[in-house]
>>> print(open('entry.txt').read())   # compact mmCIF, C-alpha atoms and all ligand atoms
# COMPACT_ATOMS: atom_id res chain seq x y z
CA MET A 27 -37.84 -186.12 21.20
CA HIS A 28 -35.78 -189.31 21.47
CA VAL A 29 -35.12 -191.04 24.79
CA ALA A 30 -32.01 -193.25 24.85
CA ARG A 31 -31.24 -195.77 27.59
CA THR A 32 -27.77 -196.90 26.55
CA ALA A 33 -24.60 -195.12 25.45
CA GLU A 34 -24.74 -196.89 22.09
CA SER A 35 -28.26 -195.73 21.26
CA ALA A 36 -27.56 -192.22 22.60
CA ARG A 37 -24.48 -192.00 20.35
CA SER A 38 -26.24 -193.19 17.22
CA ILE A 39 -29.20 -190.84 17.77
CA ALA A 40 -26.89 -187.92 18.63
CA ARG A 41 -24.81 -188.48 15.48
CA ALA A 42 -27.95 -188.24 13.34
CA LEU A 43 -29.07 -184.92 14.88
CA PRO A 44 -28.20 -181.58 13.28
CA HIS A 45 -24.83 -180.21 14.41
CA PRO A 46 -23.37 -178.43 16.28
CA LEU A 47 -24.92 -180.19 19.26
CA GLY A 48 -25.19 -178.61 22.71
CA PHE A 49 -25.38 -180.87 25.76
CA VAL A 50 -26.94 -180.24 29.18
CA PRO A 51 -26.16 -182.90 31.81
CA THR A 52 -28.63 -183.01 34.75
CA MET A 53 -29.82 -185.20 37.60
CA GLY A 54 -33.45 -184.38 36.73
CA ALA A 55 -36.08 -182.85 39.05
CA LEU A 56 -35.89 -179.98 36.60
CA HIS A 57 -36.28 -176.32 37.50
CA GLY A 58 -35.73 -172.97 35.84
CA GLY A 59 -31.95 -173.20 36.28
CA HIS A 60 -31.78 -176.32 34.13
CA LEU A 61 -34.09 -174.69 31.59
CA ARG A 62 -31.82 -171.66 31.31
CA LEU A 63 -29.00 -174.02 30.29
CA VAL A 64 -31.27 -175.62 27.68
CA GLU A 65 -32.29 -172.19 26.35
CA ARG A 66 -28.67 -171.10 26.02
CA ALA A 67 -27.73 -174.40 24.34
CA GLY A 68 -30.65 -173.99 21.94
CA ALA A 69 -29.63 -170.46 21.05
CA GLU A 70 -26.06 -171.49 20.26
CA ASN A 71 -26.52 -174.89 18.57
CA ALA A 72 -28.50 -176.67 15.84
CA ALA A 73 -29.82 -179.22 18.36
CA VAL A 74 -29.79 -179.86 22.11
CA ALA A 75 -29.25 -183.13 23.97
CA ALA A 76 -29.74 -183.49 27.72
CA SER A 77 -29.20 -186.26 30.22
CA ILE A 78 -31.09 -187.31 33.33
CA PHE A 79 -29.03 -189.50 35.62
CA VAL A 80 -28.85 -189.49 39.40
CA ASN A 81 -25.26 -190.64 39.65
CA PRO A 82 -24.60 -192.87 42.66
CA LEU A 83 -20.82 -192.41 42.29
CA GLN A 84 -21.01 -188.74 43.30
CA PHE A 85 -23.00 -189.30 46.50
CA GLY A 86 -21.30 -190.24 49.77
CA PRO A 87 -22.62 -193.19 51.81
CA HIS A 88 -24.60 -190.91 54.15
CA GLU A 89 -25.84 -188.50 51.49
CA ASP A 90 -29.25 -188.18 49.82
CA PHE A 91 -28.93 -190.55 46.82
CA ALA A 92 -31.96 -192.63 47.81
CA ARG A 93 -34.22 -189.65 48.52
CA TYR A 94 -32.97 -187.36 45.73
CA PRO A 95 -36.15 -186.17 43.92
CA ARG A 96 -36.97 -188.14 40.77
CA ALA A 97 -39.63 -186.96 38.30
CA PHE A 98 -38.75 -188.68 35.05
CA ASP A 99 -42.03 -188.35 33.14
CA ARG A 100 -42.50 -184.71 34.08
CA ASP A 101 -38.85 -183.98 33.23
CA CYS A 102 -39.26 -185.54 29.77
CA GLU A 103 -42.31 -183.36 29.09
CA THR A 104 -40.38 -180.31 30.28
CA PHE A 105 -37.40 -181.09 28.07
CA GLU A 106 -39.66 -181.78 25.09
CA ARG A 107 -41.47 -178.45 25.52
CA ALA A 108 -38.08 -176.73 25.79
CA GLY A 109 -37.05 -178.13 22.39
CA VAL A 110 -34.60 -180.83 23.49
CA SER A 111 -34.09 -183.43 20.72
CA LEU A 112 -32.50 -186.24 22.76
CA VAL A 113 -32.69 -187.22 26.42
CA TYR A 114 -30.12 -189.77 27.50
CA ALA A 115 -31.41 -191.43 30.68
CA PRO A 116 -29.50 -194.63 31.41
CA SER A 117 -30.27 -196.89 34.38
CA VAL A 118 -27.56 -197.22 37.02
CA GLU A 119 -26.94 -200.77 35.74
CA ALA A 120 -26.47 -199.55 32.16
CA MET A 121 -24.06 -196.82 33.29
CA TYR A 122 -22.15 -199.02 35.74
CA PRO A 123 -22.50 -202.69 34.72
CA PRO A 124 -20.97 -205.45 36.85
CA ARG A 125 -17.15 -205.18 37.04
CA PHE A 126 -17.20 -201.49 36.13
CA SER A 127 -14.01 -200.26 37.79
CA THR A 128 -12.52 -197.25 35.97
CA SER A 129 -12.65 -193.78 37.46
CA VAL A 130 -11.39 -190.35 36.51
CA ASN A 131 -9.23 -188.75 39.17
CA PRO A 132 -9.48 -184.98 38.80
CA GLY A 133 -6.61 -182.70 39.79
CA ALA A 134 -5.97 -180.20 42.54
CA VAL A 135 -9.09 -178.04 42.14
CA ALA A 136 -11.17 -181.08 43.16
CA ASN A 137 -9.39 -181.34 46.51
CA ARG A 138 -10.61 -178.01 47.90
CA LEU A 139 -13.92 -177.01 49.58
CA GLU A 140 -16.56 -179.41 48.19
CA GLY A 141 -13.80 -181.97 47.76
CA VAL A 142 -13.00 -181.76 51.48
CA PHE A 143 -16.63 -182.01 52.63
CA ARG A 144 -17.64 -184.58 50.02
CA PRO A 145 -14.66 -186.92 49.54
CA GLY A 146 -14.87 -188.72 46.20
CA HIS A 147 -17.66 -186.45 44.93
CA PHE A 148 -15.70 -184.93 42.06
CA THR A 149 -14.26 -188.31 41.04
CA GLY A 150 -17.88 -189.43 40.62
CA VAL A 151 -18.81 -186.27 38.71
CA ALA A 152 -15.74 -186.47 36.47
CA THR A 153 -16.28 -190.14 35.67
CA VAL A 154 -19.94 -189.75 34.76
CA VAL A 155 -19.51 -186.53 32.76
CA LEU A 156 -16.69 -188.08 30.74
CA LYS A 157 -18.93 -191.09 29.99
CA LEU A 158 -21.87 -188.83 29.08
CA VAL A 159 -19.72 -186.68 26.82
CA HIS A 160 -18.36 -189.76 25.05
CA ALA A 161 -21.92 -190.99 24.49
CA ILE A 162 -23.30 -187.69 23.18
CA GLU A 163 -20.18 -186.23 21.46
CA PRO A 164 -21.40 -182.62 21.79
CA ALA A 165 -19.56 -179.56 20.57
CA THR A 166 -20.38 -177.70 23.80
CA VAL A 167 -21.38 -178.69 27.33
CA TYR A 168 -23.54 -176.22 29.30
CA LEU A 169 -23.00 -176.04 33.07
CA GLY A 170 -24.37 -173.80 35.82
CA GLN A 171 -22.36 -171.17 37.69
CA LYS A 172 -24.23 -172.32 40.80
CA ASP A 173 -21.91 -175.35 40.92
CA ALA A 174 -18.84 -173.25 40.18
CA GLN A 175 -16.29 -175.71 41.55
CA GLN A 176 -17.85 -178.52 39.50
CA ALA A 177 -17.50 -176.35 36.40
CA ALA A 178 -13.85 -175.58 37.28
CA VAL A 179 -13.13 -179.30 37.77
CA LEU A 180 -14.74 -180.17 34.43
CA ARG A 181 -12.91 -177.36 32.63
CA ALA A 182 -9.61 -178.68 33.99
CA ILE A 183 -10.48 -182.22 32.86
CA ALA A 184 -11.50 -181.06 29.38
CA LYS A 185 -8.18 -179.23 29.05
CA ASP A 186 -5.96 -181.88 30.62
CA LEU A 187 -7.53 -184.76 28.65
CA ASP A 188 -7.82 -182.82 25.36
CA LEU A 189 -11.59 -183.30 25.15
CA ALA A 190 -12.97 -181.88 21.90
CA VAL A 191 -15.70 -179.95 23.73
CA SER A 192 -16.14 -176.35 24.79
CA ILE A 193 -17.59 -175.60 28.20
CA VAL A 194 -20.03 -172.74 28.69
CA VAL A 195 -20.94 -171.70 32.24
CA VAL A 196 -24.38 -170.07 32.58
CA PRO A 197 -25.20 -167.56 35.37
CA THR A 198 -27.20 -168.80 38.36
CA VAL A 199 -30.99 -168.54 38.16
CA ARG A 200 -32.54 -167.38 41.45
CA GLU A 201 -35.88 -167.02 43.18
CA ASP A 202 -37.03 -163.41 43.67
CA ASP A 203 -35.60 -163.47 47.21
CA GLY A 204 -32.16 -164.48 45.91
CA LEU A 205 -32.20 -168.20 46.74
CA ALA A 206 -30.51 -170.12 43.92
CA LEU A 207 -32.89 -172.59 42.29
CA SER A 208 -31.96 -176.14 43.25
CA SER A 209 -33.68 -179.52 43.18
CA ARG A 210 -32.75 -179.79 46.88
CA ASN A 211 -34.78 -176.69 47.83
CA ALA A 212 -37.78 -179.03 47.92
CA TYR A 213 -36.33 -180.58 51.10
CA LEU A 214 -36.46 -177.31 53.07
CA SER A 215 -38.92 -176.84 55.93
CA PRO A 216 -40.75 -173.47 56.02
CA GLU A 217 -38.29 -172.23 58.67
CA GLN A 218 -35.24 -173.36 56.66
CA ARG A 219 -36.74 -171.90 53.47
CA ALA A 220 -37.25 -168.55 55.20
CA ALA A 221 -33.58 -168.52 56.29
CA ALA A 222 -32.17 -169.81 52.98
CA PRO A 223 -31.98 -166.45 51.09
CA SER A 224 -29.50 -165.21 53.72
CA LEU A 225 -26.90 -167.44 52.03
CA HIS A 226 -26.95 -165.33 48.89
CA ARG A 227 -27.28 -162.11 50.90
CA ALA A 228 -24.07 -163.02 52.77
CA LEU A 229 -22.15 -163.72 49.54
CA ALA A 230 -23.57 -160.66 47.79
CA HIS A 231 -22.50 -158.59 50.79
CA ILE A 232 -18.89 -159.59 50.13
CA ALA A 233 -19.14 -158.56 46.48
CA CYS A 234 -20.74 -155.22 47.45
CA ALA A 235 -18.24 -154.50 50.22
CA VAL A 236 -15.30 -155.21 47.89
CA ALA A 237 -16.90 -152.95 45.27
CA SER A 238 -17.04 -150.18 47.87
CA GLY A 239 -13.39 -150.56 48.78
CA GLU A 240 -13.15 -153.17 51.57
CA ARG A 241 -10.04 -155.29 50.99
CA ASN A 242 -9.64 -157.12 54.29
CA VAL A 243 -10.54 -160.76 53.64
CA ALA A 244 -10.82 -161.69 57.33
CA ASN A 245 -13.27 -158.81 57.96
CA LEU A 246 -15.30 -159.71 54.89
CA LEU A 247 -15.63 -163.32 55.99
CA VAL A 248 -16.65 -162.42 59.55
CA GLN A 249 -19.29 -160.00 58.21
CA ALA A 250 -20.66 -162.51 55.71
CA ARG A 251 -20.79 -165.39 58.19
CA GLY A 252 -22.65 -163.07 60.59
CA LEU A 253 -25.33 -162.46 57.96
CA LEU A 254 -26.38 -166.12 57.76
CA ALA A 255 -29.79 -166.52 59.40
CA SER A 256 -30.47 -169.33 61.86
CA PRO A 257 -30.80 -172.32 61.34
CA LEU A 258 -28.27 -172.06 58.47
CA ALA A 259 -24.82 -173.21 59.57
CA TRP A 260 -21.85 -172.81 57.27
CA GLU A 261 -19.51 -175.64 56.36
CA TYR A 262 -17.27 -173.25 54.47
CA LEU A 263 -17.58 -169.65 53.40
CA GLU A 264 -14.48 -168.40 51.60
CA ILE A 265 -13.12 -166.06 48.98
CA VAL A 266 -11.24 -168.05 46.36
CA ASP A 267 -9.54 -167.91 43.00
CA PRO A 268 -12.32 -169.06 40.63
CA GLN A 269 -9.99 -171.38 38.69
CA THR A 270 -8.02 -173.09 41.44
CA PHE A 271 -10.41 -172.60 44.38
CA GLU A 272 -7.37 -171.76 46.50
CA PRO A 273 -7.90 -168.80 48.87
CA ALA A 274 -7.79 -165.57 46.87
CA ALA A 275 -4.50 -163.75 47.26
CA GLY A 276 -6.23 -160.35 46.99
CA PHE A 277 -8.64 -158.56 44.72
CA GLU A 278 -6.30 -157.68 41.86
CA ALA A 279 -7.56 -160.75 39.96
CA PRO A 280 -11.07 -162.23 39.65
CA ALA A 281 -12.28 -163.75 42.91
CA LEU A 282 -15.32 -165.73 43.98
CA ALA A 283 -17.20 -165.71 47.27
CA VAL A 284 -18.35 -169.29 47.74
CA ALA A 285 -20.16 -171.16 50.48
CA ALA A 286 -21.85 -174.36 51.51
CA VAL A 287 -24.31 -174.25 54.39
CA ARG A 288 -26.42 -176.81 56.17
CA ALA A 289 -30.12 -176.27 56.72
CA GLY A 290 -30.88 -179.27 58.89
CA PRO A 291 -29.95 -182.32 56.81
CA THR A 292 -29.95 -180.33 53.55
CA ARG A 293 -26.81 -178.77 52.07
CA LEU A 294 -27.14 -175.58 50.05
CA LEU A 295 -24.39 -174.22 47.81
CA ASP A 296 -24.00 -170.80 46.32
CA ASN A 297 -21.38 -168.35 45.10
CA GLU A 298 -21.05 -164.78 43.92
CA PRO A 299 -18.38 -163.49 41.55
CA ILE A 300 -16.44 -160.51 42.92
CA VAL A 301 -15.92 -157.84 40.33
CA TRP A 302 -12.90 -155.79 41.25
CA SER A 303 -12.51 -152.22 40.16
CA ALA A 304 -9.86 -149.71 41.20
CA ASN A 305 -11.34 -146.99 43.43
P1 LIG B 401 -28.06 -180.89 38.73
O1 LIG B 401 -29.27 -181.51 38.10
O2 LIG B 401 -28.30 -180.30 40.08
O3 LIG B 401 -26.87 -181.83 38.68
O4 LIG B 401 -27.67 -179.66 37.81
C1 LIG B 401 -27.47 -179.81 36.42
C2 LIG B 401 -26.86 -178.56 35.87
O5 LIG B 401 -27.72 -177.46 36.12
C3 LIG B 401 -25.50 -178.24 36.52
O6 LIG B 401 -24.62 -177.74 35.52
C4 LIG B 401 -25.87 -177.17 37.50
O7 LIG B 401 -24.80 -176.29 37.82
C5 LIG B 401 -26.98 -176.44 36.75
N1 LIG B 401 -27.81 -175.67 37.68
C6 LIG B 401 -28.35 -176.11 38.84
N2 LIG B 401 -29.01 -175.11 39.47
C7 LIG B 401 -28.87 -174.00 38.69
C8 LIG B 401 -29.33 -172.64 38.80
N3 LIG B 401 -30.04 -172.22 39.84
N4 LIG B 401 -28.98 -171.79 37.82
C9 LIG B 401 -28.23 -172.21 36.75
N5 LIG B 401 -27.79 -173.47 36.59
C10 LIG B 401 -28.11 -174.37 37.55
>>> encode(input="entry.txt", output="structure tokens", more="lines below")
Ligand code: AMP
Amino acid sequence: MHVARTAESARSIARALPHPLGFVPTMGALHGGHLRLVERAGAENAAVAASIFVNPLQFGPHEDFARYPRAFDRDCETFERAGVSLVYAPSVEAMYPPRFSTSVNPGAVANRLEGVFRPGHFTGVATVVLKLVHAIEPATVYLGQKDAQQAAVLRAIAKDLDLAVSIVVVPTVREDDGLALSSRNAYLSPEQRAAAPSLHRALAHIACAVASGERNVANLLVQARGLLASPLAWEYLEIVDPQTFEPAAGFEAPALAVAAVRAGPTRLLDNEPIVWSAN
């Protein structure tokens, strides 16, 4: 497995790998969710490249950039065992040298929900993913459904900017109790961890209630918010159009129940697709 520290070396190594090439961007502190993306990329491509980069541009000034978990050596072993051929892991200085000043301004989907609570977050994500994609030149980028709005933002960018990449979104990997795997779960106290699965229960309740005929969005939201266990506190819990992240107009088209909650200083995100069927 190659480890590249600059865009130039990542590009020359990537070009020499068998193609098509699948690419899995990460911030490291790997868990089974990341590995599911690698597995899928491996099944659909001749080689897999991944990146490890905790991107300061996508963290707000009071967010967890400094304390975000970092486990570089263990992550490299994990990627190697999973069959990854190239890990691109630039330093912050290599990614953003002095006088770096360009950014990618994503469109409307970036201004909703996460974009409201984390101003500038998606500009940081868009800028770094565009740089990573230019370094690796993959045929396909693999993203997690867990960060559904991120995937929608990146899909819009790929389309609007004519990127020659496909985007595949992989279903969320969960603990047995329903909690979505996340590097940030390591921050949770025992009390917060015990409450955390209620986030997915609340979102799954919406999907179940819609499947059994409930169509009143206001009722659904009140019920779901009521299912969140203390000390979880929601920042948003909504039913949206999965492409635009605008409030869903109804259940005639695909919809997504999506939420961000706080567990003390830690933010947890999750979502559940709503499968509509006439009944
Ligand atoms: P991160 O390292 O948190 O930036 O995540 C890197 C990629 O892994 C993103 O595309 C995430 O959406 C994806 N991911 C994170 N958690 C999960 C999960 N539980 N299941 C599937 N994909 C995930």
>>> residues_around(input="entry.txt", residues="Asp267 (chain A)", least_positions_apart="2", cutoff="9 Å", atoms="only C-alpha atoms", output="list in words")
Ile265, Gln269, Thr270, Phe271, Glu272, Pro273, Ala274, Ala275, Ala279, Pro280, Ala281 and Leu282 of chain A
>>> residues_around(input="entry.txt", residues="Ala76 (chain A)", least_positions_apart="5", cutoff="10 Å", atoms="only C-alpha atoms", output="list in words")
Val29, Gly48, Phe49, Val50, Pro51, Thr52, Gly54, His60, Leu63, Val64, Ala67, Cys102, Phe105, Val110, Ser111, Leu112, Val113, Tyr114, Ala115, Leu158, Ile162, Val167 and Tyr168 of chain A
>>> residues_near_ligand(input="entry.txt", ligand="ligand LIG 401 (chain B)", cutoff="8 Å", atoms="only C-alpha atoms and all ligand atoms", output="NGL selection string")
:A and (50-60 or 62-63 or 78 or 80 or 168-174 or 176-177 or 195-200 or 206-209)
>>> residues_around(input="entry.txt", residues="Gly146 (chain A)", least_positions_apart="2", cutoff="12 Å", atoms="only C-alpha atoms", output="VMD selection string")
chain A and resid 82 to 87 129 to 132 136 to 138 140 to 144 148 to 153
>>> closest_residue(input="entry.txt", among="A:Ser117, A:Arg37, A:Thr166, A:Met27", to="Asn71 (chain A)", atoms="all atoms listed in the file")
A:Thr166
>>> residues_near_point(input="entry.txt", point="(-20.7, -178.6, 17.9)", cutoff="10 Å", atoms="all atoms listed in the file", output="count of residues only")
18
>>> residues_around(input="entry.txt", residues="region 224-231 of chain A", least_positions_apart="3", cutoff="6 Å", atoms="only C-alpha atoms", output="list of chain:residue names")
A:Ala221, A:Cys234, A:Ala235, A:Ala250, A:Leu253, A:Leu254, A:Ala255, A:Ala283, A:Glu298
>>> decode(input="entry.txt", residues="region 30-139 of chain A", atoms="C-alpha atoms", output="compact mmCIF listing (two decimals), in the first residue's frame")
# COMPACT_ATOMS: atom_id res chain seq x y z
CA ALA A 30 1.20 9.82 -0.53
CA ARG A 31 1.69 13.15 1.22
CA THR A 32 1.26 15.54 -1.69
CA ALA A 33 -1.26 15.88 -4.51
CA GLU A 34 1.50 15.37 -7.08
CA SER A 35 2.67 12.06 -5.62
CA ALA A 36 -0.92 10.89 -5.03
CA ARG A 37 -1.73 11.63 -8.69
CA SER A 38 1.29 9.84 -10.10
CA ILE A 39 0.72 6.77 -7.90
CA ALA A 40 -3.02 6.76 -8.66
CA ARG A 41 -2.39 6.95 -12.41
CA ALA A 42 -0.17 3.86 -12.22
CA LEU A 43 -2.80 1.78 -10.36
CA PRO A 44 -5.19 -0.54 -12.21
CA HIS A 45 -8.36 1.22 -13.37
CA PRO A 46 -11.21 1.86 -12.80
CA LEU A 47 -10.24 3.39 -9.47
CA GLY A 48 -12.68 3.82 -6.58
CA PHE A 49 -12.03 6.55 -4.01
CA VAL A 50 -13.09 6.75 -0.35
CA PRO A 51 -12.45 10.13 1.31
CA THR A 52 -12.29 10.03 5.14
CA MET A 53 -11.12 11.99 8.16
CA GLY A 54 -9.62 8.81 9.65
CA ALA A 55 -10.41 7.27 13.07
CA LEU A 56 -11.77 4.45 10.96
CA HIS A 57 -14.77 2.31 11.87
CA GLY A 58 -16.99 -0.23 10.16
CA GLY A 59 -18.85 2.47 8.22
CA HIS A 60 -15.67 3.55 6.45
CA LEU A 61 -14.79 -0.09 5.81
CA ARG A 62 -18.16 -0.72 4.17
CA LEU A 63 -17.33 2.05 1.68
CA VAL A 64 -13.93 0.45 1.00
CA GLU A 65 -15.57 -2.97 0.52
CA ARG A 66 -18.07 -1.56 -1.95
CA ALA A 67 -15.33 0.34 -3.81
CA GLY A 68 -13.25 -2.85 -3.95
CA ALA A 69 -16.15 -4.86 -5.33
CA GLU A 70 -16.81 -2.35 -8.11
CA ASN A 71 -13.28 -1.28 -9.12
CA ALA A 72 -9.85 -2.64 -10.07
CA ALA A 73 -8.21 -0.69 -7.22
CA VAL A 74 -9.20 1.47 -4.25
CA ALA A 75 -7.67 4.73 -3.05
CA ALA A 76 -8.61 6.38 0.23
CA SER A 77 -7.71 9.63 1.93
CA ILE A 78 -7.19 10.56 5.56
CA PHE A 79 -7.41 14.28 6.17
CA VAL A 80 -8.99 16.14 9.07
CA ASN A 81 -9.98 19.21 7.10
CA PRO A 82 -9.76 22.42 9.13
CA LEU A 83 -11.84 24.31 6.54
CA GLN A 84 -14.98 22.34 7.41
CA PHE A 85 -14.82 22.94 11.16
CA GLY A 86 -16.22 26.10 12.75
CA PRO A 87 -14.08 28.09 15.21
CA HIS A 88 -15.78 26.50 18.24
CA GLU A 89 -15.99 22.97 16.84
CA ASP A 90 -13.89 19.88 17.58
CA PHE A 91 -11.04 20.19 15.03
CA ALA A 92 -8.31 20.07 17.69
CA ARG A 93 -9.78 17.11 19.58
CA TYR A 94 -11.08 15.15 16.57
CA PRO A 95 -9.72 11.58 17.04
CA ARG A 96 -6.55 10.86 15.06
CA ALA A 97 -5.18 7.33 14.69
CA PHE A 98 -3.00 7.45 11.60
CA ASP A 99 -0.88 4.32 12.06
CA ARG A 100 -3.84 2.16 13.04
CA ASP A 101 -5.88 3.58 10.14
CA CYS A 102 -3.11 2.71 7.66
CA GLU A 103 -3.02 -0.88 8.94
CA THR A 104 -6.80 -1.05 8.67
CA PHE A 105 -6.82 0.27 5.11
CA GLU A 106 -3.99 -2.08 4.13
CA ARG A 107 -5.84 -5.11 5.51
CA ALA A 108 -8.96 -3.96 3.65
CA GLY A 109 -7.05 -4.01 0.34
CA VAL A 110 -6.60 -0.27 -0.22
CA SER A 111 -3.76 0.42 -2.70
CA LEU A 112 -3.17 4.12 -2.00
CA VAL A 113 -3.75 6.31 1.04
CA TYR A 114 -3.47 10.02 0.38
CA ALA A 115 -2.79 11.73 3.71
CA PRO A 116 -1.55 15.28 3.19
CA SER A 117 -0.58 17.61 6.05
CA VAL A 118 -2.70 20.72 6.51
CA GLU A 119 0.25 22.75 5.17
CA ALA A 120 0.47 20.62 2.02
CA MET A 121 -3.28 20.93 1.42
CA TYR A 122 -3.48 24.63 2.24
CA PRO A 123 -0.07 26.26 1.70
CA PRO A 124 0.47 29.94 2.50
CA ARG A 125 -1.70 32.23 0.34
CA PHE A 126 -4.18 29.45 -0.41
CA SER A 127 -7.37 31.43 -1.05
CA THR A 128 -9.73 29.61 -3.44
CA SER A 129 -12.93 28.02 -2.23
CA VAL A 130 -15.84 26.20 -3.80
CA ASN A 131 -19.19 27.76 -3.02
CA PRO A 132 -21.85 25.05 -3.21
CA GLY A 133 -25.42 25.86 -4.21
CA ALA A 134 -28.76 25.95 -2.44
CA VAL A 135 -28.73 22.46 -0.90
CA ALA A 136 -25.74 23.56 1.22
CA ASN A 137 -27.74 26.37 2.80
CA ARG A 138 -30.26 24.15 4.60
CA LEU A 139 -30.05 22.24 7.92
